[in-house]
Amino acid sequence: MSEAGGGRGCGSSVPQRAPWSLVAATAAFCLVSATSVWTAGAAPMSREERQKLGNQVLEMFDHAYGNYMEHAYPADELMPLTCRGRVRGQEPSRGDVDDALGKFSLTLIDSLDTLVVLNKTKEFEDAVRKVLRDVNLDNDVVVSVFETNIRVLGGLLGGHSLAIMLKEKGEYMQWYNDELLQMAKQLGYKLLPAFNTTSGLPYPRINLKFGIRKPEARTGTETDTCTACAGTLILEFAALSRFTGATIFEEYARKALDFLWEKRQRSSNLVGVTINIHTGDWVRKDSGVGAGIDSYYEYLLKAYVLLGDDSFLERFNTHYDAIMRYISQPPLLLDVHIHKPMLNARTWMDALLAFFPGLQVLKGDIRPAIETHEMLYQVIKKHNFLPEAFTTDFRVHWAQHPLRPEFAESTYFLYKATGDPYYLEVGKTLIENLNKYARVPCGFAAMKDVRTGSHEDRMDSFFLAEMFKYLYLLFADKEDIIFDIEDYIFTTEAHLLPLWLSTTNQSISKKNTTSEYTELDDSNFDWTCPNTQILFPNDPLYAQSIREPLKNVVDKSCPRGIIRVREESFRSGAKPPLRARDFMATNPEHLEILKKMGAASSIDAEDGLRFMQEMIELSSQQQKEQQLPPRAVQIVSHPFFGRVVLTAGPAQFGLDLSKHKETRGFVASSKPYNGCSELTNPEAVMGKIALIQRGQCMFAEKARNIQNAGAIGGIVIDDNEGSSSDTAPLFQMAGDGKDTDDIKIPMLFLFSKEGSIILDAIREYEEVEVLLSDKAKDRDPEMENEEQPSSENDSQSAEQITSSSQEVDLVDQESPEESSLNSQPESLSPADMDNAASVSPSEQISNPMENHETTSLDGECTDFDNQLQEQSETEEDSNPNVSWDKKVQPIDSILADWNEDIEAFEMMEKDEL
Ligand code: DMJ
């Protein structure tokens, strides 16, 4: 165990060299692992069971990595539904998400150090050879500087760190001669032109071959970047400098951090989500700990740990104090405005903030970490995964889940800090859910919609870099890992950097240590560190006692408005402010209140502002609620056994699957394939779910034709080749303007990519059975042994459906399985033939609100709001800063901010996480 140091030490009020050996394993800055003190609470998990779960994680990793290597490599990522590689330019663009892909075998590089952690040393050696042999870092591709840094530079450095560790051990990697480090350096130099701005903040994107400025670069015109994008470089860049002696990398990353610190909002000490890289103005002035900011905070604290530079801890502590004052509303973490930090900026939280409890463990602030983690776990128990965004009353706001690792990360750190076996049970649930809902024959697929259980053809590289590492380490004993993990720090992508770097090539930190902090009061900073003896004073039930009051927080919560409870409590005795949801234009009292808003006092003006925000939210929510949520097509026959779930659009006619039992049946293509005339193969579709191609007539007409032929359901497949629910907004199939009550069968719509998964399955397996539903049926091992039942929907049986026998003289079309792969219709349908129910432009593809959950939660209301209120009142008493909110703010300034706030709010709504 190395004694790397340079920062502040536990239990000391003066700087000293500290053993940072606990950082990686417990990530608990100054925390002693409490594993050994645990004696009661959740039942302890036996070594045998932990080993079993560890082995399960290894098997899952093999499934993900093996399929990537077999079917996708050297592509950047695996597409687990279509079982092939995702090559940029060959797939429809997914926008910003694709900027992580640089044609540099991303998943392989991101997986390197995971292989060593999981004891796959031989595979690691092979993987390193492949990287050195195959990876080209000079592609003409525009990539994200942030993603390339954390995943590729971090991956190469993590690989190098463990390669030299293995070489030193004397068995593996004896041939290794710093080749990964040379690649990392080459990549580092490629990223440097991005920093060529007056502010020193990097451009968000760079062309790997042409940099920023050259005409061929196709980038360099951006003006904004996110705070995390500019503030998450120091660990990798400093490691690169210290490994190589080339100081320029650490200098550049420090300069960007210095600039962000300078630009913090001085009265709140918060930073916004996006910043202008030329002027340094905040572009988005909302502030939280999730998307857009998250790893900026993480890197301040970890930079202190790795580099031993006090200025980073001072900055972190200043921000942390502000976060706990304004953003933390335990167990929630809610975004606020940097200028008006008592005003919430959103009514929802994003999944990325799930890393924060882990960071709080590193900081040593365990109580709020336990509370937020518990709240997140309950959301997961409700939806199987953490949706990308969820509301303060725990409804799904954005239903995707790309297999993010942040919650597993926090679970691991909390277990290390508390030793509470409860966290092992949490990890077990994560493993079960991944296998049950995300595992597909060719890897693990991201969830397109946690409510329906449908998949996206996507397995991000961070799933291998982070998820398996944290899950494996959660169940591992020290002897299960071939090196001492406590000698390393985790980057934000869970790459491992050795702590001995803190004492190597330190010239840069010495040169650049700023002296501006003399203005700050030292008493703001925690120079001493908590330890487990204080945190858990002989009380092994400590963590449980914190979780207990929160145990029903999700199930029994009532919808809340966006007003923060703290604010309401300031006005005890006063009439509660008018809320948008209660407003009635016919109520004279309401009109009177409205008139007053913005006219009398700052409080009234703030009520007015809030009212406007609520109105915008409410109307956008109501718009969404008028749309039907997506449906699921689940392939249940061999060899899929329910593992592949496709996102489908509903129809405004026919059987409503949300009200009825699902429909199950074998599929058959209709002839003609467009379904626009009487079918010529009724015997083939009778009692089955008919596949029909979009185009050439109305959806309702197709439905009638297949119903008349005896089909029990229909799936319309888009004729626009390459379309996918990953890149196009789902819509409802509208009727034909006539009465559609005669259509009794369920109809669903699949984009071409999802449709081709079924068509390919028919070609390969002939008999393909699917389930049409509003939510995928749970998969369990028995499903694989189940007999193939006939349609569960007897009332929909073919015999009961009246058949018409109109003779229509139309040319028969080839069915897709007879035609060649990717056969195209003879002529493309006029766009206006199929009448998709209109979708407003603001609800196009990338709009997260598209998936807004419309159902309210079951369960009675608890006194959760009261709990929060009580807590807030206590905080008010002890919080010197509450006076901020009480200050009379000039009404003009509030009104001047009004437009800005509404604009920011609208941007947030559009923003992709
Ligand atoms: C990872 O790439 C990193 O953890 C990053 O900091 C943000 N989150 C993704 C995975 O969700």
# chains A, B, ... in the order shown; residues from 1 in each chain; ligands from 1

$ residues_near_ligand --ligand "ligand 1" --cutoff "10 Å" --atoms "only C-alpha atoms and all ligand atoms" --output "PyMOL selection string"
chain A and resi 100+110+146-148+150-151+228-229+232+290-296+298-299+351-355+388+401-407+409+460-463+465-467+491-495+913

$ residues_around --residues "region 241-249 of chain A" --least-positions-apart "3" --cutoff "12 Å" --atoms "only C-alpha atoms" --output "MDAnalysis selection string"
chainID A and resid 149 153 157:158 160:161 164 178:195 233:238 252:256 306:307 497:512

$ residues_around --residues "Asp741 (chain A)" --least-positions-apart "4" --cutoff "10 Å" --atoms "only C-alpha atoms" --output "PyMOL selection string"
chain A and resi 653-655

$ write_last_selection --atoms "N, CA and C atoms" --output "mmCIF file, in the first residue's frame"
data_model
loop_
_atom_site.group_PDB
_atom_site.id
_atom_site.type_symbol
_atom_site.label_atom_id
_atom_site.label_comp_id
_atom_site.auth_asym_id
_atom_site.auth_seq_id
_atom_site.Cartn_x
_atom_site.Cartn_y
_atom_site.Cartn_z
ATOM 1 N N PHE A 653 -57.130 4.177 -32.630
ATOM 2 C CA PHE A 653 -58.309 3.334 -32.880
ATOM 3 C C PHE A 653 -57.940 1.898 -32.524
ATOM 4 N N GLY A 654 -58.940 1.030 -32.548
ATOM 5 C CA GLY A 654 -58.680 -0.380 -32.239
ATOM 6 C C GLY A 654 -58.572 -0.597 -30.737
ATOM 7 N N LEU A 655 -58.206 -1.818 -30.373
ATOM 8 C CA LEU A 655 -58.128 -2.192 -28.951
ATOM 9 C C LEU A 655 -57.065 -1.359 -28.230
#

$ residues_around --residues "Leu108 (chain A)" --least-positions-apart "4" --cutoff "12 Å" --atoms "only C-alpha atoms" --output "ChimeraX atom specification"
/A:64-70,72-78,103-104,112-115,123-124,126-132,134-135,151-152,155-156,159,460-465

$ atom_distance --atom1 "CA of Glu425 (chain A)" --atom2 "CA of Ser46 (chain A)"
11.7 Å

$ residues_around --residues "Lys382 (chain A)" --least-positions-apart "2" --cutoff "10 Å" --atoms "only C-alpha atoms" --output "PyMOL selection string"
chain A and resi 376-380+384-386+394-395+450-451+554-555

$ select_by_dssp --residues "region 329-374 of chain A" --states "alpha helix (DSSP H)" --output "list in words"
Phe356, Pro357, Gly358, Leu359, Gln360, Val361, Leu362, Lys363, Ile366, Arg367, Pro368, Ala369, Ile370, Glu371, Thr372, His373 and Glu374 of chain A

$ write_last_selection --atoms "all heavy atoms" --output "CSV table (one decimal), in the first residue's frame"
chain,number,residue,atom,x,y,z
A,356,PHE,N,-24.0,11.6,-6.7
A,356,PHE,CA,-23.7,12.6,-5.6
A,356,PHE,C,-23.5,12.0,-4.2
A,356,PHE,O,-22.6,12.3,-3.5
A,356,PHE,CB,-24.7,13.7,-5.6
A,356,PHE,CG,-24.2,15.0,-4.9
A,356,PHE,CD1,-23.2,15.7,-5.4
A,356,PHE,CD2,-24.8,15.3,-3.7
A,356,PHE,CE1,-22.7,16.8,-4.7
A,356,PHE,CE2,-24.3,16.5,-3.0
A,356,PHE,CZ,-23.3,17.2,-3.5
A,357,PRO,N,-24.4,11.0,-3.9
A,357,PRO,CA,-24.2,10.4,-2.6
A,357,PRO,C,-22.8,9.8,-2.5
A,357,PRO,O,-22.1,9.8,-1.4
A,357,PRO,CB,-25.3,9.3,-2.5
A,357,PRO,CG,-26.3,9.8,-3.4
A,357,PRO,CD,-25.6,10.5,-4.5
A,358,GLY,N,-22.3,9.2,-3.6
A,358,GLY,CA,-20.9,8.7,-3.5
A,358,GLY,C,-19.9,9.8,-3.3
A,358,GLY,O,-18.9,9.6,-2.5
A,359,LEU,N,-20.1,10.9,-3.9
A,359,LEU,CA,-19.2,12.0,-3.6
A,359,LEU,C,-19.3,12.5,-2.2
A,359,LEU,O,-18.3,12.9,-1.6
A,359,LEU,CB,-19.4,13.2,-4.6
A,359,LEU,CG,-18.4,14.3,-4.6
A,359,LEU,CD1,-17.1,13.8,-5.1
A,359,LEU,CD2,-18.9,15.5,-5.5
A,360,GLN,N,-20.5,12.5,-1.7
A,360,GLN,CA,-20.7,12.9,-0.3
A,360,GLN,C,-20.0,12.0,0.7
A,360,GLN,O,-19.5,12.4,1.7
A,360,GLN,CB,-22.2,13.0,0.1
A,360,GLN,CG,-22.8,14.2,-0.6
A,360,GLN,CD,-24.3,14.3,-0.3
A,360,GLN,OE1,-25.1,13.3,-0.5
A,360,GLN,NE2,-24.8,15.4,0.1
A,361,VAL,N,-19.9,10.7,0.3
A,361,VAL,CA,-19.1,9.7,1.1
A,361,VAL,C,-17.6,10.2,1.1
A,361,VAL,O,-17.0,10.2,2.1
A,361,VAL,CB,-19.3,8.3,0.6
A,361,VAL,CG1,-18.3,7.4,1.3
A,361,VAL,CG2,-20.7,7.8,0.8
A,362,LEU,N,-17.2,10.5,-0.1
A,362,LEU,CA,-15.8,10.9,-0.2
A,362,LEU,C,-15.5,12.2,0.7
A,362,LEU,O,-14.5,12.3,1.3
A,362,LEU,CB,-15.4,11.2,-1.7
A,362,LEU,CG,-14.0,11.6,-2.0
A,362,LEU,CD1,-13.0,10.5,-1.7
A,362,LEU,CD2,-13.9,11.9,-3.5
A,363,LYS,N,-16.5,13.0,0.7
A,363,LYS,CA,-16.4,14.2,1.5
A,363,LYS,C,-16.5,13.9,3.0
A,363,LYS,O,-16.0,14.6,3.9
A,363,LYS,CB,-17.5,15.2,1.0
A,363,LYS,CG,-18.1,16.2,2.0
A,363,LYS,CD,-17.2,17.4,2.1
A,363,LYS,CE,-17.8,18.4,3.1
A,363,LYS,NZ,-16.7,19.3,3.7
A,366,ILE,N,-22.1,11.7,5.5
A,366,ILE,CA,-22.8,10.5,5.2
A,366,ILE,C,-24.3,10.6,5.3
A,366,ILE,O,-25.0,10.0,4.5
A,366,ILE,CB,-22.3,9.4,6.2
A,366,ILE,CG1,-20.8,9.2,6.2
A,366,ILE,CG2,-23.0,8.0,5.9
A,366,ILE,CD1,-20.3,8.7,4.9
A,367,ARG,N,-24.8,11.4,6.2
A,367,ARG,CA,-26.3,11.4,6.4
A,367,ARG,C,-27.0,11.8,5.1
A,367,ARG,O,-27.9,11.0,4.7
A,367,ARG,CB,-26.6,12.4,7.6
A,367,ARG,CG,-28.1,12.6,7.7
A,367,ARG,CD,-28.5,13.6,8.8
A,367,ARG,NE,-28.5,12.9,10.1
A,367,ARG,CZ,-29.5,12.3,10.6
A,367,ARG,NH1,-30.7,12.2,9.9
A,367,ARG,NH2,-29.5,11.7,11.8
A,368,PRO,N,-26.8,12.9,4.5
A,368,PRO,CA,-27.5,13.2,3.3
A,368,PRO,C,-27.2,12.2,2.2
A,368,PRO,O,-28.1,12.0,1.3
A,368,PRO,CB,-27.0,14.6,2.9
A,368,PRO,CG,-25.7,14.8,3.6
A,368,PRO,CD,-25.8,14.0,4.9
A,369,ALA,N,-26.1,11.6,2.2
A,369,ALA,CA,-25.8,10.6,1.2
A,369,ALA,C,-26.7,9.4,1.4
A,369,ALA,O,-27.3,8.9,0.4
A,369,ALA,CB,-24.3,10.1,1.3
A,370,ILE,N,-26.9,9.0,2.6
A,370,ILE,CA,-27.8,7.9,2.9
A,370,ILE,C,-29.2,8.2,2.5
A,370,ILE,O,-30.0,7.5,1.8
A,370,ILE,CB,-27.8,7.5,4.4
A,370,ILE,CG1,-26.4,6.9,4.7
A,370,ILE,CG2,-28.9,6.5,4.7
A,370,ILE,CD1,-26.1,6.6,6.2
A,371,GLU,N,-29.6,9.5,2.8
A,371,GLU,CA,-31.0,9.9,2.5
A,371,GLU,C,-31.3,9.9,1.0
A,371,GLU,O,-32.3,9.4,0.5
A,371,GLU,CB,-31.3,11.3,3.1
A,371,GLU,CG,-31.4,11.2,4.6
A,371,GLU,CD,-31.4,12.6,5.2
A,371,GLU,OE1,-30.8,13.6,4.6
A,371,GLU,OE2,-31.9,12.7,6.3
A,372,THR,N,-30.4,10.6,0.2
A,372,THR,CA,-30.6,10.7,-1.2
A,372,THR,C,-30.6,9.3,-1.9
A,372,THR,O,-31.4,9.0,-2.7
A,372,THR,CB,-29.6,11.6,-1.9
A,372,THR,OG1,-29.7,12.9,-1.3
A,372,THR,CG2,-29.8,11.8,-3.4
A,373,HIS,N,-29.6,8.5,-1.5
A,373,HIS,CA,-29.5,7.2,-2.0
A,373,HIS,C,-30.8,6.4,-1.8
A,373,HIS,O,-31.2,5.7,-2.7
A,373,HIS,CB,-28.3,6.5,-1.4
A,373,HIS,CG,-28.0,5.1,-1.9
A,373,HIS,ND1,-28.7,4.0,-1.4
A,373,HIS,CD2,-27.2,4.6,-2.9
A,373,HIS,CE1,-28.3,2.9,-2.0
A,373,HIS,NE2,-27.4,3.2,-3.0
A,374,GLU,N,-31.3,6.5,-0.6
A,374,GLU,CA,-32.5,5.7,-0.3
A,374,GLU,C,-33.7,6.2,-1.2
A,374,GLU,O,-34.4,5.4,-1.7
A,374,GLU,CB,-32.9,5.9,1.2
A,374,GLU,CG,-34.1,5.2,1.7
A,374,GLU,CD,-34.1,3.7,1.4
A,374,GLU,OE1,-33.0,3.1,1.3
A,374,GLU,OE2,-35.2,3.1,1.4

$ decode --residues "region 234-247 of chain A" --atoms "N, CA and C atoms" --output "JSON list (two decimals), in the first residue's frame"
[["chain", "number", "residue", "atom", "x", "y", "z"],
["A", 234, "ILE", "N", -9.04, 17.76, -15.09],
["A", 234, "ILE", "CA", -7.82, 17.86, -14.30],
["A", 234, "ILE", "C", -7.22, 16.50, -13.93],
["A", 235, "LEU", "N", -8.05, 15.51, -13.61],
["A", 235, "LEU", "CA", -7.46, 14.24, -13.19],
["A", 235, "LEU", "C", -6.67, 13.60, -14.34],
["A", 236, "GLU", "N", -7.31, 13.53, -15.52],
["A", 236, "GLU", "CA", -6.64, 12.87, -16.64],
["A", 236, "GLU", "C", -5.46, 13.72, -17.13],
["A", 237, "PHE", "N", -5.69, 15.04, -17.23],
["A", 237, "PHE", "CA", -4.62, 15.89, -17.75],
["A", 237, "PHE", "C", -3.44, 15.97, -16.79],
["A", 238, "ALA", "N", -3.73, 16.04, -15.50],
["A", 238, "ALA", "CA", -2.63, 16.08, -14.52],
["A", 238, "ALA", "C", -1.90, 14.75, -14.51],
["A", 239, "ALA", "N", -2.66, 13.66, -14.60],
["A", 239, "ALA", "CA", -2.00, 12.34, -14.61],
["A", 239, "ALA", "C", -1.09, 12.24, -15.83],
["A", 240, "LEU", "N", -1.59, 12.73, -16.97],
["A", 240, "LEU", "CA", -0.78, 12.66, -18.19],
["A", 240, "LEU", "C", 0.51, 13.47, -18.01],
["A", 241, "SER", "N", 0.37, 14.65, -17.43],
["A", 241, "SER", "CA", 1.56, 15.48, -17.19],
["A", 241, "SER", "C", 2.52, 14.79, -16.24],
["A", 242, "ARG", "N", 1.99, 14.23, -15.19],
["A", 242, "ARG", "CA", 2.87, 13.67, -14.18],
["A", 242, "ARG", "C", 3.50, 12.35, -14.62],
["A", 243, "PHE", "N", 2.74, 11.58, -15.42],
["A", 243, "PHE", "CA", 3.32, 10.35, -15.97],
["A", 243, "PHE", "C", 4.44, 10.67, -16.97],
["A", 244, "THR", "N", 4.23, 11.76, -17.79],
["A", 244, "THR", "CA", 5.16, 12.01, -18.90],
["A", 244, "THR", "C", 6.16, 13.12, -18.61],
["A", 245, "GLY", "N", 5.84, 13.98, -17.66],
["A", 245, "GLY", "CA", 6.70, 15.13, -17.42],
["A", 245, "GLY", "C", 6.35, 16.32, -18.30],
["A", 246, "ALA", "N", 5.39, 16.15, -19.20],
["A", 246, "ALA", "CA", 4.99, 17.27, -20.07],
["A", 246, "ALA", "C", 3.94, 18.10, -19.32],
["A", 247, "THR", "N", 4.34, 19.23, -18.79],
["A", 247, "THR", "CA", 3.50, 19.96, -17.84],
["A", 247, "THR", "C", 2.29, 20.64, -18.48]]
